[in-house]
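Structure below is target_0.cif: mmCIF, C-alpha atoms.
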data_target
loop_
_atom_site.label_atom_id
_atom_site.label_comp_id
_atom_site.auth_asym_id
_atom_site.auth_seq_id
_atom_site.Cartn_x
_atom_site.Cartn_y
_atom_site.Cartn_z
CA MET V 136 304.61 94.70 216.50
CA LYS V 137 305.03 91.07 215.48
CA LYS V 138 308.57 91.04 216.84
CA LEU V 139 307.22 91.77 220.32
CA TYR V 140 305.68 88.29 220.36
CA TYR V 141 309.16 86.75 220.18
CA VAL V 142 310.09 88.15 223.61
CA PRO V 143 307.54 86.17 225.69
CA LEU V 144 307.96 83.14 223.41
CA THR V 145 311.73 83.20 223.93
CA LEU V 146 311.38 83.57 227.69
CA PHE V 147 308.84 80.76 227.83
CA SER V 148 311.11 78.50 225.74
CA ILE V 149 314.07 79.16 228.01
CA PHE V 150 311.95 78.52 231.09
CA SER V 151 310.63 75.26 229.61
CA LEU V 152 314.00 73.96 228.45
CA PHE V 153 315.94 74.88 231.59
CA PRO V 154 315.07 71.66 233.51
CA PHE V 155 316.23 69.58 230.54
CA TYR V 156 319.45 71.60 230.44
CA ILE V 157 320.04 70.85 234.13
CA ILE V 158 319.52 67.12 233.55
CA LEU V 159 321.91 67.30 230.59
CA MET V 160 324.56 68.93 232.74
CA MET V 161 323.95 66.45 235.56
CA SER V 162 324.67 63.62 233.14
CA THR V 163 328.24 64.92 232.84
CA ARG V 164 328.80 65.01 236.61
CA GLY V 165 329.27 62.55 239.45
CA THR V 166 326.89 62.21 242.38
CA GLU V 167 329.15 64.16 244.76
CA GLU V 168 329.46 67.06 242.32
CA ILE V 169 325.70 67.17 241.82
CA PHE V 170 325.01 67.46 245.54
CA LYS V 171 327.52 70.28 245.95
CA GLY V 172 325.13 72.65 244.21
CA THR V 173 323.26 73.48 241.01
CA VAL V 174 325.14 72.24 237.97
CA LEU V 175 325.25 74.81 235.20
CA ILE V 176 328.40 73.88 233.26
CA PRO V 177 329.49 70.51 231.78
CA GLY V 178 331.68 68.15 233.77
CA ASP V 179 333.98 65.30 232.78
CA LYS V 180 332.04 62.25 233.97
CA LEU V 181 329.89 61.63 230.89
CA ILE V 182 331.89 58.60 229.67
CA THR V 183 331.91 57.15 233.20
CA ASN V 184 328.15 57.56 233.48
CA LEU V 185 327.61 56.00 230.06
CA ASN V 186 329.69 52.98 231.06
CA THR V 187 327.68 52.69 234.26
CA ILE V 188 324.28 52.62 232.54
CA ILE V 189 325.53 50.21 229.86
CA GLN V 190 326.82 47.82 232.53
CA GLY V 191 323.44 48.15 234.23
CA GLY V 192 321.66 46.91 231.09
CA PHE V 193 320.33 50.26 229.89
CA HIS V 194 320.78 49.29 226.23
CA LEU V 195 318.34 46.41 226.80
CA PHE V 196 315.84 48.75 228.47
CA TYR V 197 316.20 51.05 225.48
CA ILE V 198 315.45 48.31 222.95
CA ASN V 199 312.45 47.13 224.97
CA SER V 200 311.01 50.65 225.13
CA LEU V 201 311.55 51.26 221.42
CA TYR V 202 309.81 48.19 220.12
CA THR V 203 306.96 48.12 222.67
CA SER V 204 306.18 51.81 222.09
CA PHE V 205 306.35 51.34 218.32
CA LEU V 206 303.98 48.36 218.38
CA SER V 207 301.67 50.20 220.78
CA GLY V 208 301.42 53.10 218.32
CA ILE V 209 300.72 50.80 215.36
CA LEU V 210 298.06 48.83 217.23
CA SER V 211 296.33 51.99 218.43
CA ILE V 212 296.29 53.43 214.90
CA ILE V 213 294.74 50.29 213.39
CA VAL V 214 291.97 49.93 215.97
CA SER V 215 291.24 53.65 216.33
CA ALA V 216 291.17 54.32 212.58
CA PHE V 217 288.71 51.51 211.84
CA ALA V 218 286.51 52.33 214.83
CA GLY V 219 286.63 56.08 214.18
CA TYR V 220 285.70 55.53 210.52
CA ALA V 221 282.71 53.39 211.44
CA LEU V 222 281.45 55.86 214.05
CA ALA V 223 281.97 58.88 211.80
CA LYS V 224 280.54 57.67 208.51
CA PHE V 225 278.03 54.88 209.23
CA ASN V 226 274.67 54.77 210.95
CA PHE V 227 273.88 51.66 212.97
CA ARG V 228 272.13 50.61 216.15
CA LEU V 229 273.76 51.59 219.45
CA LYS V 230 275.97 54.16 217.71
CA LYS V 231 275.05 56.90 220.19
CA LEU V 232 275.55 54.52 223.10
CA ILE V 233 279.02 53.59 221.88
CA LYS V 234 279.95 57.26 221.49
CA THR V 235 278.75 57.97 224.99
CA PHE V 236 280.69 54.98 226.32
CA ILE V 237 283.88 56.26 224.65
CA LEU V 238 283.42 59.71 226.20
CA VAL V 239 282.82 58.18 229.63
CA MET V 240 285.94 56.04 229.33
CA MET V 241 287.97 59.14 228.48
CA MET V 242 286.85 60.70 231.76
CA ILE V 243 287.86 57.71 233.91
CA PRO V 244 291.49 57.78 235.10
CA SER V 245 293.45 54.81 233.80
CA GLN V 246 294.71 54.04 237.31
CA ILE V 247 291.18 53.01 238.33
CA SER V 248 291.02 50.22 235.74
CA LEU V 249 294.62 49.13 236.26
CA ILE V 250 293.83 46.44 238.86
CA GLY V 251 291.17 44.82 236.69
CA TYR V 252 293.44 44.91 233.65
CA VAL V 253 296.35 43.31 235.52
CA ILE V 254 294.06 40.57 236.86
CA GLU V 255 292.82 39.93 233.32
CA MET V 256 296.38 39.69 231.99
CA ARG V 257 297.34 37.36 234.83
CA ASN V 258 294.41 35.04 234.07
CA LEU V 259 295.49 34.97 230.43
CA GLY V 260 299.04 34.13 231.47
CA LEU V 261 300.49 37.29 229.92
CA VAL V 262 302.06 38.84 233.03
CA SER V 263 305.87 39.02 232.84
CA THR V 264 305.68 39.57 229.08
CA HIS V 265 305.56 42.74 227.01
CA LEU V 266 302.07 41.99 225.67
CA PRO V 267 300.14 43.75 228.48
CA ILE V 268 301.91 47.06 227.89
CA ILE V 269 301.21 46.78 224.15
CA LEU V 270 297.66 45.39 224.10
CA ILE V 271 296.32 48.09 226.39
CA TRP V 272 296.69 50.62 223.55
CA GLY V 273 294.34 48.56 221.41
CA SER V 274 291.53 50.08 223.48
CA CYS V 275 292.46 53.76 223.51
CA PRO V 276 289.25 55.83 223.89
CA TYR V 277 291.01 59.06 223.00
CA GLY V 278 292.39 57.51 219.81
CA VAL V 279 288.92 56.43 218.66
CA PHE V 280 287.39 59.79 219.54
CA PHE V 281 290.22 61.68 217.83
CA MET V 282 289.95 59.62 214.64
CA MET V 283 286.16 59.93 214.63
CA GLN V 284 286.36 63.70 214.86
CA TYR V 285 289.09 63.95 212.25
CA ILE V 286 287.37 61.67 209.73
CA ASN V 287 284.01 63.36 210.27
CA THR V 288 285.60 66.75 209.57
CA SER V 289 288.08 65.92 206.82
CA VAL V 290 286.54 63.16 204.67
CA PRO V 291 283.68 64.27 202.34
CA TYR V 292 280.78 61.88 201.84
CA GLU V 293 280.88 62.70 198.11
CA VAL V 294 284.29 61.05 197.72
CA MET V 295 283.05 57.89 199.40
CA GLU V 296 279.93 57.79 197.26
CA SER V 297 281.98 58.22 194.08
CA ALA V 298 284.18 55.30 195.11
CA ARG V 299 281.13 53.12 195.76
CA ILE V 300 279.73 53.98 192.31
CA ASP V 301 283.08 52.95 190.81
CA GLY V 302 282.73 49.54 192.47
CA CYS V 303 284.93 49.88 195.56
CA ASN V 304 283.89 47.93 198.62
CA GLU V 305 284.10 49.47 202.09
CA LEU V 306 287.50 47.97 202.90
CA MET V 307 289.04 49.30 199.69
CA ILE V 308 287.48 52.72 200.33
CA PHE V 309 289.13 52.78 203.72
CA LEU V 310 292.53 51.55 202.52
CA LYS V 311 292.77 53.62 199.34
CA ILE V 312 290.80 56.79 200.15
CA ILE V 313 290.24 57.30 203.86
CA ILE V 314 293.87 56.67 204.81
CA ALA V 315 295.01 59.25 202.25
CA PHE V 316 292.81 61.84 203.96
CA ILE V 317 293.81 61.01 207.52
CA LYS V 318 297.60 60.75 207.23
CA PRO V 319 298.14 63.77 209.55
CA ALA V 320 295.82 62.17 212.12
CA ILE V 321 297.69 58.87 211.86
CA ALA V 322 301.02 60.62 212.45
CA THR V 323 299.57 62.60 215.35
CA LEU V 324 298.07 59.58 217.08
CA PHE V 325 301.22 57.54 216.58
CA ILE V 326 303.37 60.25 218.18
CA LEU V 327 300.97 60.61 221.12
CA VAL V 328 300.67 56.89 221.82
CA PHE V 329 304.42 56.37 221.35
CA LEU V 330 305.15 59.05 223.93
CA TRP V 331 302.47 57.78 226.33
CA SER V 332 303.76 54.23 226.08
CA TRP V 333 307.39 55.36 226.34
CA ASN V 334 306.72 57.28 229.57
CA ASN V 335 304.24 54.83 231.13
CA TYR V 336 305.63 53.73 234.48
CA LEU V 337 302.76 52.45 236.62
CA LEU V 338 301.56 49.67 234.30
CA GLN V 339 305.08 48.60 233.40
CA VAL V 340 306.30 48.36 236.97
CA THR V 341 303.18 46.30 237.76
CA VAL V 342 303.38 43.65 235.03
CA LEU V 343 307.13 43.44 234.29
CA ASN V 344 308.86 41.34 236.91
CA THR V 345 312.20 40.43 235.33
CA LYS V 346 315.05 42.77 234.48
CA GLU V 347 315.32 41.43 230.91
CA LEU V 348 311.82 42.81 230.21
CA PHE V 349 312.26 46.21 231.84
CA THR V 350 311.68 49.35 229.80
CA ILE V 351 313.39 52.69 230.44
CA PRO V 352 310.99 54.06 233.12
CA VAL V 353 311.44 50.91 235.22
CA GLY V 354 315.07 50.35 234.26
CA ILE V 355 316.25 53.77 235.39
CA LYS V 356 314.92 53.02 238.86
CA THR V 357 317.03 49.86 239.04
CA LEU V 358 320.15 51.87 238.19
CA SER V 359 319.80 53.86 241.38
CA ASN V 360 319.40 50.70 243.44
CA ALA V 361 322.32 48.91 241.86
CA TYR V 362 324.75 51.79 242.06
CA THR V 363 323.86 53.35 245.42
CA GLN V 364 321.87 56.30 244.18
CA ASP V 365 324.17 57.14 241.28
CA TRP V 366 322.37 60.34 240.25
CA GLY V 367 324.85 61.06 237.47
CA ALA V 368 324.07 57.71 235.84
CA ARG V 369 320.34 58.25 236.31
CA ALA V 370 320.59 61.69 234.70
CA THR V 371 322.48 60.16 231.78
CA GLY V 372 319.75 57.55 231.36
CA LEU V 373 317.04 60.23 231.45
CA THR V 374 318.91 62.29 228.86
CA MET V 375 319.27 59.28 226.57
CA SER V 376 315.58 58.46 227.00
CA VAL V 377 314.53 61.87 225.66
CA ILE V 378 316.40 61.50 222.36
CA PRO V 379 313.85 59.26 220.54
CA MET V 380 311.00 61.57 221.58
CA LEU V 381 312.82 64.60 220.20
CA ILE V 382 313.60 62.81 216.93
CA ILE V 383 310.04 61.58 216.42
CA PHE V 384 308.53 64.96 217.20
CA ALA V 385 311.04 66.74 214.93
CA ILE V 386 310.21 64.42 212.03
CA GLY V 387 306.44 64.50 212.52
CA SER V 388 305.94 67.98 213.98
CA LYS V 389 304.18 69.36 210.89
CA SER V 390 301.73 66.47 210.70
CA PHE V 391 301.35 66.53 214.48
CA ILE V 392 300.28 70.18 214.54
CA THR V 393 298.01 69.71 211.52
CA GLY V 394 296.37 66.65 213.07
CA LEU V 395 295.71 68.37 216.37
CA SER V 396 294.36 71.49 214.66
CA VAL V 397 291.94 69.67 212.40
CA GLY V 398 291.02 67.07 215.02
CA ALA V 399 290.07 69.78 217.46
CA ILE V 400 287.32 71.03 215.15
CA LYS V 401 283.92 69.69 216.10
CA GLY V 402 282.47 67.63 213.31
#

Can you turn what I pasted into structure tokens?
Amino acid sequence: MKKLYYVPLTLFSIFSLFPFYIILMMSTRGTEEIFKGTVLIPGDKLITNLNTIIQGGFHLFYINSLYTSFLSGILSIIVSAFAGYALAKFNFRLKKLIKTFILVMMMIPSQISLIGYVIEMRNLGLVSTHLPIILIWGSCPYGVFFMMQYINTSVPYEVMESARIDGCNELMIFLKIIIAFIKPAIATLFILVFLWSWNNYLLQVTVLNTKELFTIPVGIKTLSNAYTQDWGARATGLTMSVIPMLIIFAIGSKSFITGLSVGAIKG
């Protein structure tokens, strides 16, 4: 009976991966070949398309996306872990109000606050730098909520009390004990924020005004303008942009699944 489950899973996997396969095949074709019909077999234009995106500065877009997404993930982890720990394990005034505020912020679409955020960055003189697309992840409501739920579920009070009896202060408890318990949550949040930052287009196209600062979502759009709608080059850029996401998910898939499973349990 268990083998019967593989049939729908296989069909669903094929259905899900088919669009990526089409993009992969498009990256080996020229624009004229793509518009002749659906591309199902590889072509011979991959090297040409690679040269096109390299000449268009795609390698620079790639580097910008890698380091901004990495720093976004690190910043989100630091802020969310500390805030989640405080909300999960300490009692203080306005705690319920802060929790409610975090839940409300999770319900508000990010596009609504985009204008205010861009105005704030402009007043601080940070527009046309990478800082706005990194700093925004320092206030990730979902990250705080996720860490709060995970810590509340996975970290026993008894362990913390034992550490306090042994003379550990709160910072040492967090660094030496709490982090050891929440490693799956850290990996999960890093993967999520990395992917969100990597794919974020609206904020990046709003605050990045020079080509040298462009990340992949914005940079791919410039390829089509510079090369008269070169869809083969754009498909090659899209294919290349997926590679880091696949690598990160492959490396952290076990921790990712564990973190989501435990974090979904109500504390």

> Given the choices V:Ile182, V:Leu249, V:Met241, V:Val214, which gets closest to Ala368 in chain V if the distance is worked out from only C-alpha atoms?
Replying inline: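 That would be V:Ile182, the residue with the smallest distance to Ala368 in chain V.
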
> Hey, what comes out of the PyMOL selection byres ((chain V and resi 358) around 12) on this file? Could you write it as a PyMOL selection string?
Replying inline: chain V and resi 184-193+196+346+349+351-357+359-373

> Nearest to Ala298 in chain V among V:Thr341, V:Ile313, V:Pro177, V:Ile386, with distances taken over only C-alpha atoms: which residue is it?
Replying inline: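 Of the candidates, the smallest distance to Ala298 in chain V is held by V:Ile313.
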
> Contacts of Leu222 in chain V at 12 Å or less, counting only C-alpha atoms, minus same-chain residues fewer than 3 places along, as JSON, numbers by chain?
Replying inline: {"V": [215, 216, 217, 218, 219, 225, 226, 227, 228, 229, 230, 231, 232, 233, 234, 235, 237, 279, 280, 281, 282, 283, 284, 285, 286, 287, 402]}

>> What would the selection look like, as an NGL selection string, if the PyMOL selection byres ((chain V and resi 332-337) around 9) were run on the coordinates I just shared?
In response: :V and (200-201 or 203-205 or 207-208 or 246 or 249 or 268-269 or 272 or 327-331 or 338-342 or 350-353 or 376 or 380)

> Mind pulling up the distance from CA of Ala385 in chain V to CA of Ile176 in chain V?
Replying inline: 26.2 Å

>> So the first atom is CA of Ile326 in chain V and the second is CA of Ile209 in chain V; what is the distance between them in Å, to one decimal place?
In response: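 According to the coordinates, CA of Ile326 in chain V and CA of Ile209 in chain V are separated by 10.2 Å.
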
> If the PyMOL selection byres ((chain V and resi 304-311) around 12) is run on the structure shown, which residues does it catch, given as number ranges by chain?
Replying inline: V: 213, 216-221, 224-225, 286, 290, 292, 294-303, 312-318

>> Between CA of Pro244 in chain V and CA of Thr345 in chain V, what is the distance in Å, rounded to a tenth?
In response: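 Interatomic distance, CA of Pro244 in chain V to CA of Thr345 in chain V: 27.0 Å.
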
Just the residues within 10 Å of Arg257 in chain V, please, counting all atoms listed in the file, with nothing from its chain fewer than 6 positions along; format it as a CSV table (one decimal) with C-alpha atoms, keeping the file's coordinate frame.
chain,number,residue,atom,x,y,z
V,251,GLY,CA,291.2,44.8,236.7
V,263,SER,CA,305.9,39.0,232.8
V,267,PRO,CA,300.1,43.8,228.5
V,342,VAL,CA,303.4,43.6,235.0
